[in-house]
Amino acid sequence: MYGGVNKYCVFVIVTAVFIGAAQAQVTSLHPHGSGLEDIDYPYPIHVFELTIERQLLRMAQMDVAPSGPSNGRVVVLLHGKSLSGEYWAPTIAKFSADGYRLVVPDQLGFGKSAKPDIRDSFDLLARKTKMLFDSLGVTRAAIVGHLFGGLLKVYVARDYPETTAVLALPRPACREI
C-alpha cells in the first residue's frame with residue numbers, strides 16, 4: 001500500500017495515463033494512401049506503365065536532369081526495402097549538380113508505384129528495371145543501390161551487362177526477400 005492506495009490501483013492509473021498518451025499520439029497521425037499521394041518527393045514523379053502477369057501497372061520514378069553542366073552520364077539509384085526513391089534526395093542533388101542525369105525508380109510495391117499482387121523475384125525486378133531504362137532511352141548507366149537495391153543492381157548487371165557502366169556496391173544485402 002502507498003498512502004492508502006494499493007499497487008494494483010497505481011498500476012491501473014499509470015497504465016491508463018500511458019494508454020491515453022499513446023491514443024492521443026495515434027489520433028494525431030493520419031494514414032497515407034497506398035500511392036503516398038500526400039507525400040511530396042523532391043523532384044517531379046513520372047510514371048512508366050508496364051504489364052506484368054496480365055496486370056497493367058504503374059512504376060513511379062524521378063528522371064532528374066543535371067542542374068549543372070551535363071557530363072552526358074547517367075546514374076541510377078535503387079532504394080532499399082521498405083524505402084522509396086525519395087530516400088535518395090541529398091544524393092540526387094549532389095550528382096545532379098555535378099552534371100549527371102539521375103534515374104530513381106520506386107520499385108513496384110514501394111513508394112508511389114503500384115502495389116500489385118504478383119510473384120516477384122530479383123530476376124523480374126531486374127527485367128522491370130531494364131524495361132524502365134529502355135523507355136527512358138538509358139543505354140548505359142552507373143548503378144548504385146544499397147541493401148535490397150544493392151542486390152537488385154547485381155542482378156541488373158548480371159542480366160544486362162551492356163547497360164552497366166559502373167556498379168557501385170556500398171552495402172548490398174545477402175538476401176532481403
# chains A, B, ... in the order shown; residues from 1 in each chain; ligands from 1

$ residues_around --residues "Asp106 in chain A" --least-positions-apart "6" --cutoff "12 Å" --atoms "only C-alpha atoms" --output "PDB file with C-alpha atoms, in the first residue's frame"
ATOM      1  CA  GLY A  35       0.446   5.578 -53.566  1.00  0.00           C
ATOM      2  CA  LEU A  36       1.785   8.000 -50.937  1.00  0.00           C
ATOM      3  CA  TYR A  41       9.054  13.979 -53.474  1.00  0.00           C
ATOM      4  CA  ILE A  45       7.383  11.989 -60.488  1.00  0.00           C
ATOM      5  CA  HIS A  46       6.960  10.345 -63.880  1.00  0.00           C
ATOM      6  CA  VAL A  47       5.047   7.137 -64.453  1.00  0.00           C
ATOM      7  CA  PHE A  48       6.130   4.179 -66.558  1.00  0.00           C
ATOM      8  CA  ARG A  58       2.411   1.979 -62.891  1.00  0.00           C
ATOM      9  CA  MET A  59       6.055   2.327 -61.885  1.00  0.00           C
ATOM     10  CA  ALA A  60       6.907   5.757 -60.473  1.00  0.00           C
ATOM     11  CA  GLN A  61      10.317   7.307 -60.985  1.00  0.00           C
ATOM     12  CA  MET A  62      12.181  10.558 -60.850  1.00  0.00           C
ATOM     13  CA  ASP A  63      14.163  11.345 -64.005  1.00  0.00           C
ATOM     14  CA  VAL A  76      20.552   5.012 -61.452  1.00  0.00           C
ATOM     15  CA  LEU A  77      19.752   4.954 -57.737  1.00  0.00           C
ATOM     16  CA  LEU A  78      17.959   1.860 -56.389  1.00  0.00           C
ATOM     17  CA  HIS A  79      16.328   2.116 -52.958  1.00  0.00           C
ATOM     18  CA  GLY A  80      16.376  -0.411 -50.139  1.00  0.00           C
ATOM     19  CA  LYS A  81      13.455  -2.494 -48.974  1.00  0.00           C
ATOM     20  CA  SER A  82      10.658  -0.534 -47.245  1.00  0.00           C
ATOM     21  CA  LEU A  83      12.045   2.697 -48.724  1.00  0.00           C
ATOM     22  CA  SER A  84      11.388   4.693 -51.886  1.00  0.00           C
ATOM     23  CA  GLY A  85      13.292   6.857 -54.329  1.00  0.00           C
ATOM     24  CA  GLU A  86      12.592   9.869 -52.102  1.00  0.00           C
ATOM     25  CA  TYR A  87      15.252   8.443 -49.776  1.00  0.00           C
ATOM     26  CA  TRP A  88      17.938   9.494 -52.275  1.00  0.00           C
ATOM     27  CA  LYS A 112       4.442   5.849 -55.306  1.00  0.00           C
ATOM     28  CA  SER A 113       4.495   2.751 -57.552  1.00  0.00           C
ATOM     29  CA  ALA A 114       1.663   0.231 -57.821  1.00  0.00           C
ATOM     30  CA  LYS A 115       1.342  -2.411 -55.118  1.00  0.00           C
ATOM     31  CA  LEU A 125      12.807  -6.814 -60.713  1.00  0.00           C
ATOM     32  CA  LYS A 128      11.332  -4.338 -64.952  1.00  0.00           C
ATOM     33  CA  THR A 129      14.283  -2.039 -64.279  1.00  0.00           C
ATOM     34  CA  LEU A 132      12.295   1.318 -67.493  1.00  0.00           C
ATOM     35  CA  GLY A 149      18.644  -2.157 -54.127  1.00  0.00           C
TER      36      GLY A 149
END

$ residues_around --residues "Arg101 in chain A" --least-positions-apart "5" --cutoff "6 Å" --atoms "only C-alpha atoms" --output "PyMOL selection string"
chain A and resi 64-66+74

$ atom_distance --atom1 "CA of Tyr43 in chain A" --atom2 "CA of Ile143 in chain A"
19.3 Å

$ residues_around --residues "range 152-158 of chain A" --least-positions-apart "2" --cutoff "8 Å" --atoms "only C-alpha atoms" --output "ChimeraX atom specification"
/A:78,122-123,125-127,129-130,143-145,148-150,160-161,163-164,167

$ residues_around --residues "Arg119 in chain A" --least-positions-apart "2" --cutoff "10 Å" --atoms "only C-alpha atoms" --output "MDAnalysis selection string"
chainID A and resid 52:53 116:117 121 124

$ write_last_selection --atoms "N, CA and C atoms" --output "mmCIF file, in the first residue's frame"
data_model
loop_
_atom_site.group_PDB
_atom_site.id
_atom_site.type_symbol
_atom_site.label_atom_id
_atom_site.label_comp_id
_atom_site.auth_asym_id
_atom_site.auth_seq_id
_atom_site.Cartn_x
_atom_site.Cartn_y
_atom_site.Cartn_z
ATOM 1 N N ILE A 52 2.561 -6.820 -66.173
ATOM 2 C CA ILE A 52 3.158 -7.987 -65.539
ATOM 3 C C ILE A 52 2.005 -8.896 -65.115
ATOM 4 N N GLU A 53 2.090 -10.161 -65.480
ATOM 5 C CA GLU A 53 1.048 -11.133 -65.145
ATOM 6 C C GLU A 53 -0.338 -10.598 -65.488
ATOM 7 N N PRO A 116 1.195 -4.322 -56.653
ATOM 8 C CA PRO A 116 0.497 -5.453 -57.260
ATOM 9 C C PRO A 116 0.614 -6.737 -56.444
ATOM 10 N N ASP A 117 -0.266 -7.641 -56.752
ATOM 11 C CA ASP A 117 -0.227 -8.977 -56.166
ATOM 12 C C ASP A 117 0.401 -9.891 -57.213
ATOM 13 N N SER A 121 10.454 -11.587 -58.055
ATOM 14 C CA SER A 121 11.777 -12.175 -57.851
ATOM 15 C C SER A 121 12.793 -11.129 -58.283
ATOM 16 N N LEU A 124 12.799 -10.821 -62.039
ATOM 17 C CA LEU A 124 11.708 -9.990 -62.551
ATOM 18 C C LEU A 124 11.971 -8.513 -62.244
#

$ select_by_dssp --residues "range 70-147 of chain A" --states "alpha helix (DSSP H)" --output "number ranges by chain"
A: 89-97, 122-136

$ closest_residue --among "A:Tyr100, A:Val166, A:Ile92, A:Gln55" --to "Asn71 in chain A" --atoms "only C-alpha atoms"
A:Tyr100
